[in-house]
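Asker: Contents of data19.pdb (PDB, C-alpha atoms and all ligand atoms) are given next:
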ATOM      1  CA  MET A   6     -17.633 -10.677  -5.373
ATOM      2  CA  ARG A   7     -15.025  -9.275  -3.016
ATOM      3  CA  HIS A   8     -13.870  -5.782  -2.145
ATOM      4  CA  PHE A   9     -10.240  -5.057  -1.232
ATOM      5  CA  LEU A  10     -10.700  -2.168   1.187
ATOM      6  CA  ASP A  11      -7.847  -2.976   3.561
ATOM      7  CA  LEU A  12      -5.411  -5.858   4.066
ATOM      8  CA  SER A  13      -7.925  -7.368   6.497
ATOM      9  CA  SER A  14     -10.413  -7.730   3.604
ATOM     10  CA  ALA A  15      -8.282 -10.660   2.429
ATOM     11  CA  GLY A  16      -7.253 -11.896   5.901
ATOM     12  CA  SER A  17      -3.897 -13.526   6.667
ATOM     13  CA  GLU A  18      -4.463 -16.552   4.452
ATOM     14  CA  GLY A  19      -5.824 -14.449   1.623
ATOM     15  CA  MET A  20      -2.862 -12.066   1.819
ATOM     16  CA  ALA A  21      -0.398 -14.971   1.900
ATOM     17  CA  ALA A  22      -2.085 -16.380  -1.215
ATOM     18  CA  ILE A  23      -1.990 -12.954  -2.898
ATOM     19  CA  LEU A  24       1.753 -12.627  -2.217
ATOM     20  CA  ALA A  25       2.456 -16.154  -3.504
ATOM     21  CA  GLU A  26       0.430 -15.512  -6.662
ATOM     22  CA  ALA A  27       2.242 -12.221  -7.238
ATOM     23  CA  LEU A  28       5.658 -13.890  -6.932
ATOM     24  CA  ASP A  29       4.668 -16.739  -9.276
ATOM     25  CA  ARG A  30       3.318 -14.432 -11.956
ATOM     26  CA  LYS A  31       6.292 -12.096 -11.673
ATOM     27  CA  GLN A  32       8.702 -14.999 -12.195
ATOM     28  CA  ALA A  33       6.651 -16.504 -15.039
ATOM     29  CA  ARG A  34       6.922 -13.353 -17.173
ATOM     30  CA  ALA A  35      10.497 -12.293 -16.314
ATOM     31  CA  GLY A  36      12.094 -10.586 -19.316
ATOM     32  CA  TRP A  37       8.870 -10.291 -21.314
ATOM     33  CA  PRO A  38       7.821  -6.997 -22.932
ATOM     34  CA  LYS A  39       5.765  -5.145 -20.339
ATOM     35  CA  GLY A  40       2.619  -4.969 -22.450
ATOM     36  CA  LYS A  41       2.533  -8.684 -23.262
ATOM     37  CA  VAL A  42      -0.443 -10.463 -21.711
ATOM     38  CA  ASP A  43       0.133 -13.335 -19.230
ATOM     39  CA  ALA A  44      -0.213 -16.731 -20.932
ATOM     40  CA  ASP A  45      -3.474 -17.645 -19.160
ATOM     41  CA  ARG A  46      -5.233 -14.254 -19.754
ATOM     42  CA  PRO A  47      -7.209 -14.691 -16.517
ATOM     43  CA  LEU A  48      -9.105 -11.383 -16.763
ATOM     44  CA  ASP A  49      -9.774 -11.529 -20.492
ATOM     45  CA  GLY A  50     -12.495  -9.023 -21.359
ATOM     46  CA  ARG A  51     -12.677  -7.456 -17.873
ATOM     47  CA  VAL A  52     -12.557  -3.679 -17.476
ATOM     48  CA  LEU A  53     -11.273  -1.792 -14.417
ATOM     49  CA  ALA A  54     -12.418   1.806 -13.819
ATOM     50  CA  MET A  55     -10.068   3.937 -11.718
ATOM     51  CA  ILE A  56     -11.298   7.063  -9.956
ATOM     52  CA  PHE A  57      -8.637   9.540  -8.883
ATOM     53  CA  GLU A  58      -9.574  12.304  -6.477
ATOM     54  CA  LYS A  59      -5.869  12.811  -5.704
ATOM     55  CA  SER A  60      -2.688  12.765  -7.778
ATOM     56  CA  SER A  61      -0.908   9.530  -8.636
ATOM     57  CA  THR A  62       1.893   8.200 -10.809
ATOM     58  CA  ARG A  63       2.572   4.670  -9.523
ATOM     59  CA  THR A  64      -0.964   3.614  -8.633
ATOM     60  CA  ARG A  65      -2.337   4.889 -11.933
ATOM     61  CA  VAL A  66       0.242   3.273 -14.182
ATOM     62  CA  SER A  67       0.720   0.045 -12.213
ATOM     63  CA  PHE A  68      -3.015  -0.717 -12.051
ATOM     64  CA  ASP A  69      -3.399   0.100 -15.745
ATOM     65  CA  MET A  70      -0.539  -2.268 -16.614
ATOM     66  CA  ALA A  71      -1.782  -4.863 -14.125
ATOM     67  CA  ILE A  72      -5.197  -5.235 -15.741
ATOM     68  CA  ARG A  73      -3.625  -5.217 -19.222
ATOM     69  CA  GLN A  74      -1.178  -7.991 -18.311
ATOM     70  CA  LEU A  75      -4.130 -10.038 -17.028
ATOM     71  CA  GLY A  76      -5.913  -9.647 -20.375
ATOM     72  CA  GLY A  77      -8.299  -6.818 -19.440
ATOM     73  CA  SER A  78      -8.340  -3.048 -19.897
ATOM     74  CA  SER A  79      -8.923   0.103 -17.860
ATOM     75  CA  ILE A  80     -10.713   3.432 -17.880
ATOM     76  CA  ILE A  81      -9.175   6.265 -15.847
ATOM     77  CA  LEU A  82     -11.534   8.867 -14.375
ATOM     78  CA  ASP A  83     -10.454  12.098 -12.711
ATOM     79  CA  SER A  84     -13.083  13.454 -10.352
ATOM     80  CA  GLY A  85     -12.574  16.934 -11.836
ATOM     81  CA  THR A  86     -13.781  15.878 -15.268
ATOM     82  CA  THR A  87     -16.645  13.598 -14.219
ATOM     83  CA  GLN A  88     -19.998  14.432 -12.608
ATOM     84  CA  LEU A  89     -18.481  13.415  -9.258
ATOM     85  CA  GLY A  90     -16.725  16.769  -9.370
ATOM     86  CA  ARG A  91     -20.132  18.474  -9.761
ATOM     87  CA  GLY A  92     -21.705  16.722  -6.812
ATOM     88  CA  GLU A  93     -23.163  13.454  -8.154
ATOM     89  CA  THR A  94     -23.138  11.134  -5.176
ATOM     90  CA  ILE A  95     -20.650   8.322  -4.716
ATOM     91  CA  ALA A  96     -23.607   5.930  -4.298
ATOM     92  CA  ASP A  97     -25.114   6.855  -7.669
ATOM     93  CA  THR A  98     -21.679   6.770  -9.307
ATOM     94  CA  ALA A  99     -21.174   3.261  -7.878
ATOM     95  CA  ARG A 100     -24.512   2.072  -9.291
ATOM     96  CA  VAL A 101     -23.798   3.499 -12.741
ATOM     97  CA  LEU A 102     -20.180   2.340 -13.035
ATOM     98  CA  SER A 103     -21.230  -1.160 -11.935
ATOM     99  CA  ARG A 104     -23.337  -1.335 -15.128
ATOM    100  CA  TYR A 105     -20.338  -0.579 -17.344
ATOM    101  CA  VAL A 106     -17.220  -2.057 -15.761
ATOM    102  CA  ASP A 107     -16.162  -5.194 -13.888
ATOM    103  CA  ALA A 108     -14.200  -3.578 -11.013
ATOM    104  CA  ILE A 109     -13.560  -0.119  -9.571
ATOM    105  CA  MET A 110     -10.427   1.263  -7.919
ATOM    106  CA  ILE A 111     -10.670   4.565  -6.070
ATOM    107  CA  ARG A 112      -8.102   6.966  -4.617
ATOM    108  CA  THR A 113      -9.796   9.484  -2.392
ATOM    109  CA  ASP A 114      -9.422  11.430   0.847
ATOM    110  CA  ASP A 115     -12.203  10.360   3.207
ATOM    111  CA  PRO A 116     -12.357   6.589   3.872
ATOM    112  CA  ALA A 117     -16.153   6.988   4.216
ATOM    113  CA  LYS A 118     -16.264   7.573   0.445
ATOM    114  CA  LEU A 119     -14.493   4.266  -0.176
ATOM    115  CA  ASP A 120     -16.976   2.503   2.109
ATOM    116  CA  GLU A 121     -19.934   4.149   0.389
ATOM    117  CA  LEU A 122     -18.630   3.111  -3.016
ATOM    118  CA  ALA A 123     -18.240  -0.476  -1.809
ATOM    119  CA  ARG A 124     -21.744  -0.507  -0.290
ATOM    120  CA  HIS A 125     -23.412   0.537  -3.516
ATOM    121  CA  ALA A 126     -21.219  -1.103  -6.172
ATOM    122  CA  THR A 127     -22.156  -4.541  -7.451
ATOM    123  CA  VAL A 128     -18.592  -5.134  -8.679
ATOM    124  CA  PRO A 129     -15.355  -5.366  -6.630
ATOM    125  CA  VAL A 130     -14.014  -2.099  -5.186
ATOM    126  CA  ILE A 131     -10.297  -1.607  -4.438
ATOM    127  CA  ASN A 132      -8.736   0.984  -2.115
ATOM    128  CA  GLY A 133      -6.055   2.836  -4.080
ATOM    129  CA  LEU A 134      -5.276   5.054  -1.010
ATOM    130  CA  THR A 135      -7.368   7.082   1.385
ATOM    131  CA  ASP A 136      -6.263   9.393   4.178
ATOM    132  CA  ARG A 137      -6.612   6.350   6.453
ATOM    133  CA  SER A 138      -4.799   3.517   4.658
ATOM    134  CA  HIS A 139      -2.887   2.342   1.578
ATOM    135  CA  PRO A 140      -3.180  -1.459   1.496
ATOM    136  CA  CYS A 141      -2.033  -1.943  -2.122
ATOM    137  CA  GLN A 142       1.238  -0.223  -1.223
ATOM    138  CA  ILE A 143       1.832  -2.531   1.710
ATOM    139  CA  ALA A 144       1.088  -5.615  -0.372
ATOM    140  CA  ALA A 145       3.989  -4.459  -2.575
ATOM    141  CA  ASP A 146       6.163  -3.722   0.476
ATOM    142  CA  LEU A 147       5.572  -7.198   1.910
ATOM    143  CA  LEU A 148       6.448  -8.714  -1.461
ATOM    144  CA  THR A 149       9.658  -6.678  -1.611
ATOM    145  CA  ALA A 150      10.677  -7.645   1.922
ATOM    146  CA  ILE A 151      10.081 -11.333   1.138
ATOM    147  CA  GLU A 152      12.202 -11.041  -2.027
ATOM    148  CA  LYS A 153      14.966  -9.490   0.083
ATOM    149  CA  GLY A 154      14.952 -12.601   2.280
ATOM    150  CA  VAL A 155      13.005 -11.213   5.248
ATOM    151  CA  GLN A 156      11.040 -13.912   7.106
ATOM    152  CA  LEU A 157       8.008 -11.834   8.030
ATOM    153  CA  PRO A 158       7.013 -13.540  11.316
ATOM    154  CA  GLY A 159       9.340 -12.299  14.049
ATOM    155  CA  SER A 160      10.998  -9.662  11.870
ATOM    156  CA  LYS A 161      11.299  -6.053  12.979
ATOM    157  CA  TRP A 162      10.186  -3.119  10.855
ATOM    158  CA  ALA A 163      11.102   0.450  11.775
ATOM    159  CA  TRP A 164       8.907   3.339  10.696
ATOM    160  CA  LEU A 165      10.348   6.843  10.912
ATOM    161  CA  GLY A 166       8.244   9.976  10.516
ATOM    162  CA  ASP A 167       4.564  10.821  10.263
ATOM    163  CA  GLY A 168       1.890   8.445  11.611
ATOM    164  CA  ASN A 169       0.039   8.349   8.312
ATOM    165  CA  ASN A 170      -2.053   6.168   5.972
ATOM    166  CA  VAL A 171       0.939   4.073   4.829
ATOM    167  CA  LEU A 172       1.941   3.369   8.431
ATOM    168  CA  HIS A 173      -1.619   2.308   9.294
ATOM    169  CA  SER A 174      -1.460  -0.421   6.643
ATOM    170  CA  ILE A 175       2.002  -1.527   7.836
ATOM    171  CA  VAL A 176       0.638  -1.849  11.373
ATOM    172  CA  GLU A 177      -2.306  -3.853  10.044
ATOM    173  CA  ALA A 178       0.167  -6.143   8.225
ATOM    174  CA  ALA A 179       2.198  -6.572  11.434
ATOM    175  CA  GLY A 180      -0.815  -8.066  13.212
ATOM    176  CA  MET A 181      -1.550 -10.366  10.293
ATOM    177  CA  PHE A 182       2.031 -11.555   9.684
ATOM    178  CA  GLN A 183       3.264 -11.424  13.302
ATOM    179  CA  PHE A 184       6.090  -8.904  13.014
ATOM    180  CA  SER A 185       7.182  -5.968  15.179
ATOM    181  CA  VAL A 186       7.029  -2.327  14.205
ATOM    182  CA  GLY A 187       9.072   0.304  16.041
ATOM    183  CA  ILE A 188       7.333   3.552  15.198
ATOM    184  CA  GLY A 189       9.629   6.545  15.584
ATOM    185  CA  CYS A 190       7.473   9.646  15.447
ATOM    186  CA  PRO A 191       7.205  12.939  17.309
ATOM    187  CA  GLU A 192       4.399  13.614  19.774
ATOM    188  CA  GLY A 193       1.266  14.820  18.046
ATOM    189  CA  TYR A 194       1.874  12.722  14.936
ATOM    190  CA  ASP A 195       1.097   9.230  16.221
ATOM    191  CA  PRO A 196      -0.854   6.756  14.088
ATOM    192  CA  GLU A 197      -4.505   6.145  14.982
ATOM    193  CA  ASP A 198      -4.559   4.221  18.224
ATOM    194  CA  SER A 199      -7.146   1.722  16.908
ATOM    195  CA  PHE A 200      -4.592   0.304  14.420
ATOM    196  CA  VAL A 201      -1.934  -0.116  17.108
ATOM    197  CA  ARG A 202      -4.348  -1.667  19.620
ATOM    198  CA  GLU A 203      -5.772  -4.115  17.094
ATOM    199  CA  ALA A 204      -2.321  -5.201  15.888
ATOM    200  CA  ASN A 205      -1.068  -5.715  19.442
ATOM    201  CA  ALA A 206      -4.163  -7.772  20.277
ATOM    202  CA  ARG A 207      -3.310 -10.043  17.337
ATOM    203  CA  LEU A 208       0.331 -10.193  18.463
ATOM    204  CA  ALA A 209      -0.542 -11.054  22.063
ATOM    205  CA  ARG A 210       0.707 -14.636  21.821
ATOM    206  CA  SER A 211       3.925 -13.777  19.959
ATOM    207  CA  ASN A 212       7.042 -11.845  20.940
ATOM    208  CA  ALA A 213       6.272  -9.236  18.290
ATOM    209  CA  ARG A 214       4.900  -5.810  19.297
ATOM    210  CA  VAL A 215       3.954  -2.514  17.741
ATOM    211  CA  THR A 216       5.498   0.258  19.861
ATOM    212  CA  ILE A 217       5.657   4.021  19.584
ATOM    213  CA  GLU A 218       9.108   5.445  20.304
ATOM    214  CA  ARG A 219      10.019   9.093  20.643
ATOM    215  CA  ASP A 220      13.684   8.179  20.212
ATOM    216  CA  PRO A 221      14.386   7.448  16.512
ATOM    217  CA  VAL A 222      17.371   5.255  17.453
ATOM    218  CA  ARG A 223      15.153   2.987  19.567
ATOM    219  CA  ALA A 224      12.706   2.727  16.680
ATOM    220  CA  ALA A 225      15.460   1.805  14.203
ATOM    221  CA  ALA A 226      17.367  -0.544  16.538
ATOM    222  CA  ASP A 227      17.961  -3.999  15.005
ATOM    223  CA  ALA A 228      15.374  -3.463  12.292
ATOM    224  CA  ASP A 229      15.211  -5.801   9.291
ATOM    225  CA  VAL A 230      13.226  -3.259   7.287
ATOM    226  CA  VAL A 231      13.395   0.537   7.629
ATOM    227  CA  VAL A 232      10.504   2.496   6.118
ATOM    228  CA  THR A 233       9.619   6.139   5.817
ATOM    229  CA  ASP A 234       7.287   8.350   3.788
ATOM    230  CA  THR A 235       6.671  12.005   3.117
ATOM    231  CA  TRP A 236       6.238  14.144   6.216
ATOM    232  CA  VAL A 237       3.271  15.925   4.620
ATOM    233  CA  SER A 238       0.736  13.709   2.873
ATOM    234  CA  MET A 239      -1.508  14.852   0.031
ATOM    235  CA  GLY A 240      -4.139  17.266   1.289
ATOM    236  CA  GLN A 241      -2.397  17.941   4.617
ATOM    237  CA  PRO A 242      -1.216  21.402   5.686
ATOM    238  CA  ASN A 243       2.526  21.943   5.319
ATOM    239  CA  SER A 244       3.741  23.759   8.435
ATOM    240  CA  ALA A 245       7.238  24.738   9.509
ATOM    241  CA  ASP A 246       6.425  23.357  12.978
ATOM    242  CA  LYS A 247       5.709  19.914  11.573
ATOM    243  CA  ILE A 248       8.896  19.852   9.503
ATOM    244  CA  ALA A 249      10.906  20.868  12.579
ATOM    245  CA  ALA A 250       9.281  18.118  14.654
ATOM    246  CA  MET A 251       9.991  15.515  11.963
ATOM    247  CA  THR A 252      13.626  16.449  11.339
ATOM    248  CA  PRO A 253      15.146  14.165  14.037
ATOM    249  CA  TYR A 254      13.354  11.229  12.367
ATOM    250  CA  GLN A 255      15.083  11.639   8.989
ATOM    251  CA  VAL A 256      16.453   8.345   7.650
ATOM    252  CA  ASN A 257      20.124   9.074   7.050
ATOM    253  CA  ALA A 258      23.360   7.097   7.172
ATOM    254  CA  ALA A 259      23.796   7.692  10.915
ATOM    255  CA  LEU A 260      20.320   6.412  11.786
ATOM    256  CA  MET A 261      20.630   3.464   9.393
ATOM    257  CA  THR A 262      23.671   2.163  11.328
ATOM    258  CA  HIS A 263      21.293   1.228  14.184
ATOM    259  CA  ALA A 264      19.303  -1.154  11.964
ATOM    260  CA  LYS A 265      20.617  -4.633  11.121
ATOM    261  CA  PRO A 266      23.599  -4.443   8.717
ATOM    262  CA  ALA A 267      21.566  -6.131   5.953
ATOM    263  CA  ALA A 268      18.416  -4.090   6.601
ATOM    264  CA  THR A 269      16.286  -3.130   3.608
ATOM    265  CA  PHE A 270      15.147   0.469   3.139
ATOM    266  CA  LEU A 271      11.663   1.075   1.693
ATOM    267  CA  HIS A 272       9.765   4.231   0.686
ATOM    268  CA  CYS A 273       6.444   4.164  -1.149
ATOM    269  CA  LEU A 274       7.451   7.260  -3.169
ATOM    270  CA  PRO A 275       7.205  10.031  -4.164
ATOM    271  CA  ALA A 276      10.201  11.001  -2.004
ATOM    272  CA  HIS A 277      11.055  14.448  -0.767
ATOM    273  CA  ARG A 278      14.781  13.985  -1.096
ATOM    274  CA  GLY A 279      16.714  15.509   1.773
ATOM    275  CA  GLU A 280      13.647  15.604   4.041
ATOM    276  CA  GLU A 281      12.385  12.213   5.252
ATOM    277  CA  ALA A 282      15.411  10.428   3.719
ATOM    278  CA  THR A 283      18.754  11.508   2.319
ATOM    279  CA  ASP A 284      19.905  10.774  -1.241
ATOM    280  CA  GLU A 285      22.578   8.548   0.260
ATOM    281  CA  ILE A 286      19.879   6.272   1.685
ATOM    282  CA  LEU A 287      17.380   6.494  -1.198
ATOM    283  CA  ASP A 288      20.102   5.660  -3.733
ATOM    284  CA  GLY A 289      22.241   3.487  -1.457
ATOM    285  CA  ASN A 290      22.775  -0.242  -1.653
ATOM    286  CA  GLN A 291      20.262  -1.047   1.107
ATOM    287  CA  SER A 292      17.490   0.748  -0.764
ATOM    288  CA  ALA A 293      14.884  -1.400  -2.536
ATOM    289  CA  ILE A 294      12.656   1.491  -3.595
ATOM    290  CA  TRP A 295      12.645   0.718  -7.327
ATOM    291  CA  GLU A 296      11.857  -2.980  -6.764
ATOM    292  CA  GLU A 297       9.163  -1.811  -4.361
ATOM    293  CA  ALA A 298       7.662   0.472  -7.016
ATOM    294  CA  GLU A 299       7.769  -2.371  -9.571
ATOM    295  CA  ASN A 300       6.106  -4.697  -7.096
ATOM    296  CA  ARG A 301       3.022  -2.475  -7.032
ATOM    297  CA  LEU A 302       2.270  -3.982 -10.443
ATOM    298  CA  HIS A 303       2.811  -7.606  -9.409
ATOM    299  CA  ALA A 304       0.975  -7.263  -6.092
ATOM    300  CA  GLN A 305      -2.027  -5.560  -7.687
ATOM    301  CA  LYS A 306      -2.365  -8.225 -10.366
ATOM    302  CA  ALA A 307      -2.809 -10.735  -7.544
ATOM    303  CA  ILE A 308      -5.200  -8.403  -5.694
ATOM    304  CA  LEU A 309      -7.336  -8.092  -8.839
ATOM    305  CA  LEU A 310      -7.410 -11.879  -9.200
ATOM    306  CA  TRP A 311      -8.345 -12.255  -5.525
ATOM    307  CA  CYS A 312     -11.276  -9.857  -6.059
ATOM    308  CA  PHE A 313     -12.566 -12.131  -8.823
ATOM    309  CA  GLY A 314     -12.077 -15.279  -6.744
ATOM    310  CA  LEU A 315      -9.389 -16.526  -9.103
ATOM    311  CA  ILE A 316      -6.657 -17.330  -6.572
ATOM    312  CA  HIS A 317      -6.540 -20.805  -5.132
ATOM    313  CA  ASN A 318      -5.610 -21.652  -1.530
ATOM    314  CA  ASP A 319      -6.689 -18.240  -0.261
ATOM    315  CA  GLY A 320      -8.524 -19.654   2.704
ATOM    316  CA  THR A 321     -11.911 -19.686   0.990
ATOM    317  CA  ASN A 322     -11.609 -22.062  -1.935
TER     318      ASN A 322
HETATM  319  N1  LIG A 401       3.175   5.146  -3.790
HETATM  320  C1  LIG A 401       2.139   5.617  -4.468
HETATM  321  O1  LIG A 401       0.963   5.301  -4.193
HETATM  322  O2  LIG A 401       2.483   6.452  -5.503
HETATM  323  P1  LIG A 401       1.509   7.337  -6.373
HETATM  324  O3  LIG A 401       0.974   8.428  -5.471
HETATM  325  O4  LIG A 401       2.381   7.890  -7.469
HETATM  326  O5  LIG A 401       0.386   6.486  -6.901
HETATM  327  N1  LIG A 402       1.301   9.290   2.669
HETATM  328  C1  LIG A 402       1.355   9.690   1.281
HETATM  329  C2  LIG A 402       1.441   8.499   0.389
HETATM  330  C3  LIG A 402       1.563   8.818  -1.065
HETATM  331  C4  LIG A 402       1.611   7.601  -1.934
HETATM  332  C5  LIG A 402       0.145  10.528   0.942
HETATM  333  O1  LIG A 402      -0.965  10.176   1.345
HETATM  334  O2  LIG A 402       0.318  11.562   0.285
END
Now, as a test, write the supplied structure out as structure tokens.

Answerer:
Amino acid sequence: MRHFLDLSSAGSEGMAAILAEALDRKQARAGWPKGKVDADRPLDGRVLAMIFEKSSTRTRVSFDMAIRQLGGSSIILDSGTTQLGRGETIADTARVLSRYVDAIMIRTDDPAKLDELARHATVPVINGLTDRSHPCQIAADLLTAIEKGVQLPGSKWAWLGDGNNVLHSIVEAAGMFQFSVGIGCPEGYDPEDSFVREANARLARSNARVTIERDPVRAAADADVVVTDTWVSMGQPNSADKIAAMTPYQVNAALMTHAKPAATFLHCLPAHRGEEATDEILDGNQSAIWEEAENRLHAQKAILLWCFGLIHNDGTN
């Protein structure tokens, strides 16, 4: 029984196996109707419960389709319409849900709630985003970069904007897959230092580094992958000061010229068009945002299988 709480839950070998599994399964069902179950029905009869304490389009639909394509089914729970919303503890909810379902995914604010759920559940728990990290998103981003021909070790990723949950998971991935991240963000909006320190410790014997740059051009310089996200994440205050501070870090055609000519642009979505990225970039020919959104489905199928110990060569079996 394994929880997927961050990319480090799977480790480098586990993540490599997850990405390989995702690519294989994606290729094996190319062109099929989306609701058709994979030939081997690996999660036949399994049920995934999903708890949403924040809004979601992609995570909700891609996990629902992921478990269906693996032969299982899902139950979607909004905290507002369950007893969680009336104060039943996460621990008790974990104990009860573990009696009904085979795995639980949660999207919540405080990462302590995710940890509490994992401590008390007797079935796998998956992080569907917290204020601290978004590992399922970065599994999809890694998959998309690989499909675009990026060799992860030694590549350079540029992050422009807020030092948020999505960036934390990218920085974690950098340490695991030995790539550089140039983080272009204004003072006061840096990522948590612990993520940067840990990644750089893992990169110590490589030429790759995670660096914080105040100059967006330095962050974007020679990047293979350029990534941004909303300037104001769910649950954060939206202030004019923050928007003003973020404005120089917008991904636009001028900034994109500093990346490699074949650089891939990623955004986890939803986008605030005209803020963190212009339409020209979001809809341009370097953008892989729709493939990236699709890859949430393929990556999460492999994550679900990893949780059930059904992926081979993942460093443990
Ligand atoms: N990228 C992402 O997690 O999207 P949703 O908020 O729509 O799930
Ligand atoms: N950083 C964003 C990601 C949304 C998928 C947020 O937390 O709102």

Asker: Check which residues of chain A sit at most 7 Å from ligand LIG 402 (chain A) using only C-alpha atoms and all ligand atoms, and return one row each with the closest pair of atoms and their distance in Å to one decimal, ordered by chain and rising number, as a Markdown table.

Answerer:
| residue | atom | partner | partner_atom | distance |
| --- | --- | --- | --- | --- |
| A:Asp136 | CA | A:LIG402 | O1 | 6.1 |
| A:Asn169 | CA | A:LIG402 | N1 | 5.9 |
| A:Asn170 | CA | A:LIG402 | N1 | 5.6 |
| A:Val171 | CA | A:LIG402 | N1 | 5.7 |
| A:Asp234 | CA | A:LIG402 | N1 | 6.2 |
| A:Thr235 | CA | A:LIG402 | N1 | 6.0 |
| A:Val237 | CA | A:LIG402 | O2 | 6.8 |
| A:Ser238 | CA | A:LIG402 | O2 | 3.4 |
| A:Met239 | CA | A:LIG402 | O2 | 3.8 |
| A:Cys273 | CA | A:LIG402 | C4 | 6.0 |
| A:Leu274 | CA | A:LIG402 | C4 | 6.0 |
| A:Pro275 | CA | A:LIG402 | C4 | 6.5 |

Asker: Taking all listed atoms of ligand LIG 401 (chain A), build the axis-aligned box, pad each of the six sides by 5 Å, then write its centre and edge lengths in Å to one decimal as lines of an AutoDock Vina configuration file.

Answerer:
center_x = 1.8
center_y = 6.8
center_z = -5.6
size_x = 12.8
size_y = 13.3
size_z = 13.7

Asker: Could you tell me, as a PyMOL selection string, exactly which residues end up selected when the PyMOL selection byres (((not hetatm)) within 12 of (chain A and resi 401)) is applied to this structure?

Answerer: chain A and resi 55+57-69+111-113+132-136+138-146+170-171+233-235+238-239+271-276+294-295+297-302+305

Asker: Got a sec to check which residues sit within 12 Å of (4.6, -16.2, -2.5), counting all atoms listed in the file, and write them as a count of residues only?

Answerer: 31

Asker: Using only C-alpha atoms, can you tell me which of A:Ile248, A:Leu122, A:Val42, A:Val215 comes closest to Gly279 (chain A)?

Answerer: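 Looking only at the distances to Gly279 (chain A), the closest residue turns out to be A:Ile248.
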
Asker: For Asn290 (chain A), which residue out of A:Ala258, A:Met70, A:Ala15, A:Val52 is the nearest one, using all atoms listed in the file?

Answerer: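 Of the candidates, the smallest distance to Asn290 (chain A) is held by A:Ala258.
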
Asker: Rounded to one decimal, what separation in Å do you get between CA of Ala293 (chain A) and CA of Ala267 (chain A)?

Answerer: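 A separation of 11.8 Å between them.
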